[in-house]
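Asks: Okay, here's the structure, questions in a sec.
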Amino acid sequence: MISDSRAARLVLGLLAAFASVVPHAENALPALKFPGPAASAQSAAIASKGYIVQELRDHLYWLSDGAYNTLFLVSSAGVIVVDPLPTLGANYLKAIAEVTDRPVTHVIYSHEHTDHIGAAYLFPKSATYIAQRETARLLTSRNDPRRPMPTLVFDDSYTLAVGDQTLVLDYRGANHEAGNIFIYAPKQKVLMLVDVVYPGYMPYPNLGIAVDVPGYIKAHRDALAYDFDTLVAGHVDRLGTRQDVEVSLEFVTELQRVGARELAESPYPTYLNRHPGENKWFVHDAYEKQLVDQCYAELFPKWQKRLAGAELMLNSQCWSMIVALVVQSPPVDASPR
Ligand SMILES: [Zn+2]
């Protein structure tokens, strides 16, 4: 039987792992130190109609509700929709109608997560629905009527040319999720990559719930290989830049180095030997907590100044990275740069 205090520790550990409760955070949400530079016009538009739509370049539009965002591209032959966001729902179609009366001919899924594509059922059945093969495989198992199956599936790369517009879709391996793709508009020099970089903010907890942490880090380098100046990242209240990708990469590589050094300095068998006779599973729990606390203490002073939300989310990033170093990553050089 588990004692109440041990059960409580177990629950707290799980909550911390999912970053619903972070030991260093207050119970109430603290005011973020530097929220994105949402212009007042942008805030007013979101308050009045629920979204803003903004042309980035050459009929490529950014669409945002302030927390989620995506893009659509108006071609001479119809509209290419990316990520039918459920937070927008039918407002997505209203936003398109604000700028064109052309029909939606294509719908692209960045990845299978419902919070990004769960309004797909609202879009025309006649459209072509495009996704990477891993996304299609996952959607087969979900059997979710909100996320209709793609009708065009690709493996590595697909160039979508519609009328006078082009989007390049690339898959470079699992990162945030298996099947999460790079969506690139070469003429506009705009790149879309969802749930990897959070411009100006610390990633969503647990490195944006990355299923593959080495792949998540690599996705930053893959992104920087594109010739782009504007990033549509799927979240937060502003667009991103190359510099946002570089800062996020600096954060995750530093996080990885700190985690690797801690694991090298304090291997689990040594920690276990110092706690003989205790329940070894709970000793492991305490071991992880110690590593996470050290990681937080080392990284917080620097990163709370550079990425908003560190006080809420840094603990979960430390936990995810340490676990990934144990279960996923090849050996990492822990020496300082
Ligand atoms: Zn996602």
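Residues in the structure tokens are numbered from 1 in each chain, the chains being A, B, ... in the order shown, and ligands are numbered from 1 in the order shown.
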Compile the contact shell of Ile96 of chain A as a ChimeraX atom specification: residues with an atom at most 9 Å away, counting only C-alpha atoms, same-chain residues fewer than 4 positions apart removed.

Replies: /A:53,61,72,74,79,91-92,100-102,104

Asks: Residues as selected, C-alpha atoms, written as a PDB file, in the first residue's frame, can you do that?

Replies:
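again03.pdb was written with the following content:
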```
ATOM      1  CA  VAL A  53      -5.859  38.354 -40.821  1.00  0.00           C
ATOM      2  CA  TYR A  61      -1.925  35.623 -45.203  1.00  0.00           C
ATOM      3  CA  PHE A  72      -3.378  30.552 -45.993  1.00  0.00           C
ATOM      4  CA  VAL A  74      -4.557  32.765 -52.219  1.00  0.00           C
ATOM      5  CA  VAL A  79      -7.166  29.051 -51.755  1.00  0.00           C
ATOM      6  CA  ASN A  91     -14.055  32.185 -38.446  1.00  0.00           C
ATOM      7  CA  TYR A  92     -11.306  30.740 -40.646  1.00  0.00           C
ATOM      8  CA  THR A 100     -10.981  36.705 -51.619  1.00  0.00           C
ATOM      9  CA  ASP A 101     -14.080  35.049 -53.057  1.00  0.00           C
ATOM     10  CA  ARG A 102     -12.079  32.171 -54.516  1.00  0.00           C
ATOM     11  CA  VAL A 104     -10.790  26.559 -50.924  1.00  0.00           C
TER      12      VAL A 104
END
```

Asks: Within segment 86-270 of chain A, find each residue whose DSSP state, derived from the backbone, is alpha helix (DSSP H), and express the selection as a PyMOL selection string.

Replies: chain A and resi 91-99+114-117+133-142+205-209+213-224+242-265+268-270

Asks: Can I get the selection written as a PDB file, in the first residue's frame, with C-alpha atoms?

Replies:
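What follows is the written file selection_12.pdb:
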```pdb
ATOM      1  CA  ASN A  91     -14.055  32.185 -38.446  1.00  0.00           C
ATOM      2  CA  TYR A  92     -11.306  30.740 -40.646  1.00  0.00           C
ATOM      3  CA  LEU A  93     -13.737  30.739 -43.586  1.00  0.00           C
ATOM      4  CA  LYS A  94     -14.858  34.281 -42.675  1.00  0.00           C
ATOM      5  CA  ALA A  95     -11.245  35.457 -42.670  1.00  0.00           C
ATOM      6  CA  ILE A  96     -10.691  33.994 -46.147  1.00  0.00           C
ATOM      7  CA  ALA A  97     -13.889  35.652 -47.385  1.00  0.00           C
ATOM      8  CA  GLU A  98     -12.531  39.011 -46.167  1.00  0.00           C
ATOM      9  CA  VAL A  99      -9.738  38.863 -48.731  1.00  0.00           C
ATOM     10  CA  THR A 114      -6.560  18.128 -33.054  1.00  0.00           C
ATOM     11  CA  ASP A 115      -5.777  21.535 -31.571  1.00  0.00           C
ATOM     12  CA  HIS A 116      -4.323  22.517 -34.972  1.00  0.00           C
ATOM     13  CA  ILE A 117      -6.511  20.668 -37.480  1.00  0.00           C
ATOM     14  CA  ARG A 133       2.330   9.599 -44.319  1.00  0.00           C
ATOM     15  CA  GLU A 134       2.931   9.438 -40.541  1.00  0.00           C
ATOM     16  CA  THR A 135       0.101  11.928 -40.023  1.00  0.00           C
ATOM     17  CA  ALA A 136      -2.168   9.817 -42.232  1.00  0.00           C
ATOM     18  CA  ARG A 137      -1.214   6.700 -40.276  1.00  0.00           C
ATOM     19  CA  LEU A 138      -2.004   8.396 -36.955  1.00  0.00           C
ATOM     20  CA  LEU A 139      -5.313   9.743 -38.270  1.00  0.00           C
ATOM     21  CA  THR A 140      -6.310   6.237 -39.359  1.00  0.00           C
ATOM     22  CA  SER A 141      -5.951   5.097 -35.760  1.00  0.00           C
ATOM     23  CA  ARG A 142      -7.751   8.165 -34.348  1.00  0.00           C
ATOM     24  CA  PRO A 205       5.680  22.522 -21.329  1.00  0.00           C
ATOM     25  CA  ASN A 206       7.765  19.437 -21.935  1.00  0.00           C
ATOM     26  CA  LEU A 207       9.444  21.008 -24.991  1.00  0.00           C
ATOM     27  CA  GLY A 208       6.051  21.466 -26.604  1.00  0.00           C
ATOM     28  CA  ILE A 209       5.240  17.815 -25.711  1.00  0.00           C
ATOM     29  CA  VAL A 213      13.590  15.376 -28.322  1.00  0.00           C
ATOM     30  CA  PRO A 214      16.705  14.820 -30.489  1.00  0.00           C
ATOM     31  CA  GLY A 215      14.425  15.349 -33.513  1.00  0.00           C
ATOM     32  CA  TYR A 216      12.960  18.437 -31.845  1.00  0.00           C
ATOM     33  CA  ILE A 217      16.443  19.981 -31.498  1.00  0.00           C
ATOM     34  CA  LYS A 218      17.338  18.988 -35.054  1.00  0.00           C
ATOM     35  CA  ALA A 219      14.166  20.661 -36.370  1.00  0.00           C
ATOM     36  CA  HIS A 220      15.660  24.039 -35.368  1.00  0.00           C
ATOM     37  CA  ARG A 221      18.717  23.416 -37.563  1.00  0.00           C
ATOM     38  CA  ASP A 222      16.527  22.107 -40.372  1.00  0.00           C
ATOM     39  CA  ALA A 223      14.429  25.290 -40.164  1.00  0.00           C
ATOM     40  CA  LEU A 224      17.496  27.537 -40.383  1.00  0.00           C
ATOM     41  CA  ARG A 242      15.253  33.638 -37.947  1.00  0.00           C
ATOM     42  CA  GLN A 243      16.542  35.102 -34.700  1.00  0.00           C
ATOM     43  CA  ASP A 244      13.684  33.498 -32.755  1.00  0.00           C
ATOM     44  CA  VAL A 245      14.726  30.115 -34.152  1.00  0.00           C
ATOM     45  CA  GLU A 246      18.355  30.785 -33.205  1.00  0.00           C
ATOM     46  CA  VAL A 247      17.407  31.789 -29.641  1.00  0.00           C
ATOM     47  CA  SER A 248      15.227  28.699 -29.231  1.00  0.00           C
ATOM     48  CA  LEU A 249      18.081  26.528 -30.539  1.00  0.00           C
ATOM     49  CA  GLU A 250      20.486  28.169 -28.091  1.00  0.00           C
ATOM     50  CA  PHE A 251      18.064  27.429 -25.252  1.00  0.00           C
ATOM     51  CA  VAL A 252      17.557  23.753 -26.098  1.00  0.00           C
ATOM     52  CA  THR A 253      21.249  23.077 -26.719  1.00  0.00           C
ATOM     53  CA  GLU A 254      22.153  24.724 -23.408  1.00  0.00           C
ATOM     54  CA  LEU A 255      19.416  22.744 -21.680  1.00  0.00           C
ATOM     55  CA  GLN A 256      20.804  19.564 -23.227  1.00  0.00           C
ATOM     56  CA  ARG A 257      24.350  20.368 -22.147  1.00  0.00           C
ATOM     57  CA  VAL A 258      23.300  21.114 -18.556  1.00  0.00           C
ATOM     58  CA  GLY A 259      21.233  17.927 -18.356  1.00  0.00           C
ATOM     59  CA  ALA A 260      24.064  15.814 -19.789  1.00  0.00           C
ATOM     60  CA  ARG A 261      26.566  17.284 -17.329  1.00  0.00           C
ATOM     61  CA  GLU A 262      24.270  16.621 -14.356  1.00  0.00           C
ATOM     62  CA  LEU A 263      23.734  13.018 -15.408  1.00  0.00           C
ATOM     63  CA  ALA A 264      27.488  12.546 -15.835  1.00  0.00           C
ATOM     64  CA  GLU A 265      28.277  14.096 -12.437  1.00  0.00           C
ATOM     65  CA  TYR A 268      21.757   7.074 -10.779  1.00  0.00           C
ATOM     66  CA  PRO A 269      23.677   4.050  -9.364  1.00  0.00           C
ATOM     67  CA  THR A 270      25.792   6.394  -7.197  1.00  0.00           C
TER      68      THR A 270
END
```

Asks: Could you build a table of the residues in chain A lying no more than 7 Å from ligand 1, giving for each the nearest pair of atoms and their separation in Å rounded to one decimal place, using only C-alpha atoms and all ligand atoms, ordered by chain and ascending residue number, as a Markdown table?

Replies:
```
| residue | atom | partner | partner_atom_place_in_ligand_line | distance |
| --- | --- | --- | --- | --- |
| A:His111 | CA | ligand 1 | 1 (Zn) | 6.7 |
| A:His113 | CA | ligand 1 | 1 (Zn) | 4.9 |
| A:His116 | CA | ligand 1 | 1 (Zn) | 6.8 |
| A:His176 | CA | ligand 1 | 1 (Zn) | 6.6 |
| A:Glu177 | CA | ligand 1 | 1 (Zn) | 6.7 |
| A:Val194 | CA | ligand 1 | 1 (Zn) | 6.9 |
| A:Asp195 | CA | ligand 1 | 1 (Zn) | 5.5 |
```

Asks: Quick one: pick out all strand (DSSP E) residues within segment 79-262 of chain A from a backbone DSSP run and write them as a PyMOL selection string.

Replies: chain A and resi 79-82+104-108+128-132+152-154+157-162+165-170+182-185+190-192+230-232

Asks: Within 8 Å of Pro84 of chain A, counting only C-alpha atoms, which residues show up once you throw out same-chain ones fewer than 3 positions away? Write them as a ChimeraX atom specification, please.

Replies: /A:81,88-89,92,107,109,116-120

Asks: Within 12 Å of Tyr171 of chain A, counting only C-alpha atoms, which residues show up once you throw out same-chain ones fewer than 3 positions away? Write them as a ChimeraX atom specification, please.

Replies: /A:110-111,131-135,153-159,168,174-175,177-184,193,215,219,222-223

Asks: So that I can check the surroundings of Gly309 of chain A, please list as a list in words every protein, DNA and RNA residue that reaches within 7 Å of it, counting only C-alpha atoms and ignoring chain neighbours fewer than 3 positions away.

Replies: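 My reading of the contact set: Leu32, Tyr201, Met202, Leu312 and Met313 of chain A.
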
Asks: Atoms to include: N, CA and C atoms. Write the selected residues as an mmCIF file, in the first residue's frame.

Replies:
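Saved to selection23.cif:
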```cif
data_model
loop_
_atom_site.group_PDB
_atom_site.id
_atom_site.type_symbol
_atom_site.label_atom_id
_atom_site.label_comp_id
_atom_site.auth_asym_id
_atom_site.auth_seq_id
_atom_site.Cartn_x
_atom_site.Cartn_y
_atom_site.Cartn_z
ATOM 1 N N LEU A 32 3.220 37.753 -17.259
ATOM 2 C CA LEU A 32 4.436 37.515 -18.019
ATOM 3 C C LEU A 32 5.235 38.814 -18.085
ATOM 4 N N TYR A 201 8.886 33.327 -26.388
ATOM 5 C CA TYR A 201 8.410 32.596 -25.215
ATOM 6 C C TYR A 201 9.200 31.303 -25.031
ATOM 7 N N MET A 202 9.231 30.857 -23.782
ATOM 8 C CA MET A 202 9.708 29.510 -23.510
ATOM 9 C C MET A 202 8.770 28.521 -24.180
ATOM 10 N N LEU A 312 7.081 29.588 -15.384
ATOM 11 C CA LEU A 312 6.000 28.609 -15.477
ATOM 12 C C LEU A 312 6.480 27.297 -16.082
ATOM 13 N N MET A 313 7.411 27.373 -17.005
ATOM 14 C CA MET A 313 7.638 26.225 -17.879
ATOM 15 C C MET A 313 9.034 25.627 -17.839
#
```

Asks: Could you check which of A:Leu85, A:Leu167, A:Ile108, A:Ala127 is closest to Ala67 of chain A, using only C-alpha atoms?

Replies: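 For Ala67 of chain A, the nearest of the given residues is A:Leu85.
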
Asks: Please provide the set of residues having any atom within 6 Å of Ile52 of chain A, restricted to only C-alpha atoms, with same-chain residues fewer than 4 positions apart removed, written as a PDB file with C-alpha atoms, in the first residue's frame.

Replies:
```pdb
ATOM      1  CA  ALA A  45      -9.358  43.140 -33.925  1.00  0.00           C
ATOM      2  CA  ILE A  46      -9.031  39.936 -31.919  1.00  0.00           C
ATOM      3  CA  LEU A  63      -4.278  34.298 -39.452  1.00  0.00           C
ATOM      4  CA  SER A  64      -4.205  34.458 -35.650  1.00  0.00           C
TER       5      SER A  64
END
```

Asks: For segment 301-305 of chain A, work out the shell of residues within 9 Å, counting only C-alpha atoms and skipping chain neighbours fewer than 3 positions away, then give it as a list of chain:residue names.

Replies: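 Returned residues: A:Lys33, A:Phe34, A:Met202, A:Phe251, A:Tyr296, A:Ala297, A:Glu298, A:Ala308, A:Gly309, A:Ala310, A:Glu311, A:Leu314.
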
Asks: State, in Å with one decimal place, the distance from atom CA of Ala77 of chain A to atom CA of Gly163 of chain A.

Replies: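 Separating atom CA of Ala77 of chain A from atom CA of Gly163 of chain A is a distance of 4.7 Å.
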
Asks: When distances are computed from only C-alpha atoms, which of A:Asp144, A:Arg172, A:Cys295, A:Pro203 shows the smallest separation from Ala225 of chain A?

Replies: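 Ranking A:Asp144, A:Arg172, A:Cys295, A:Pro203 by distance to Ala225 of chain A, first place goes to A:Arg172.
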
Asks: Between atom CA of Gly234 of chain A and atom CA of Leu169 of chain A, what is the distance in Å, rounded to a tenth?

Replies: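 About the pair atom CA of Gly234 of chain A and atom CA of Leu169 of chain A: they are 15.8 Å apart.
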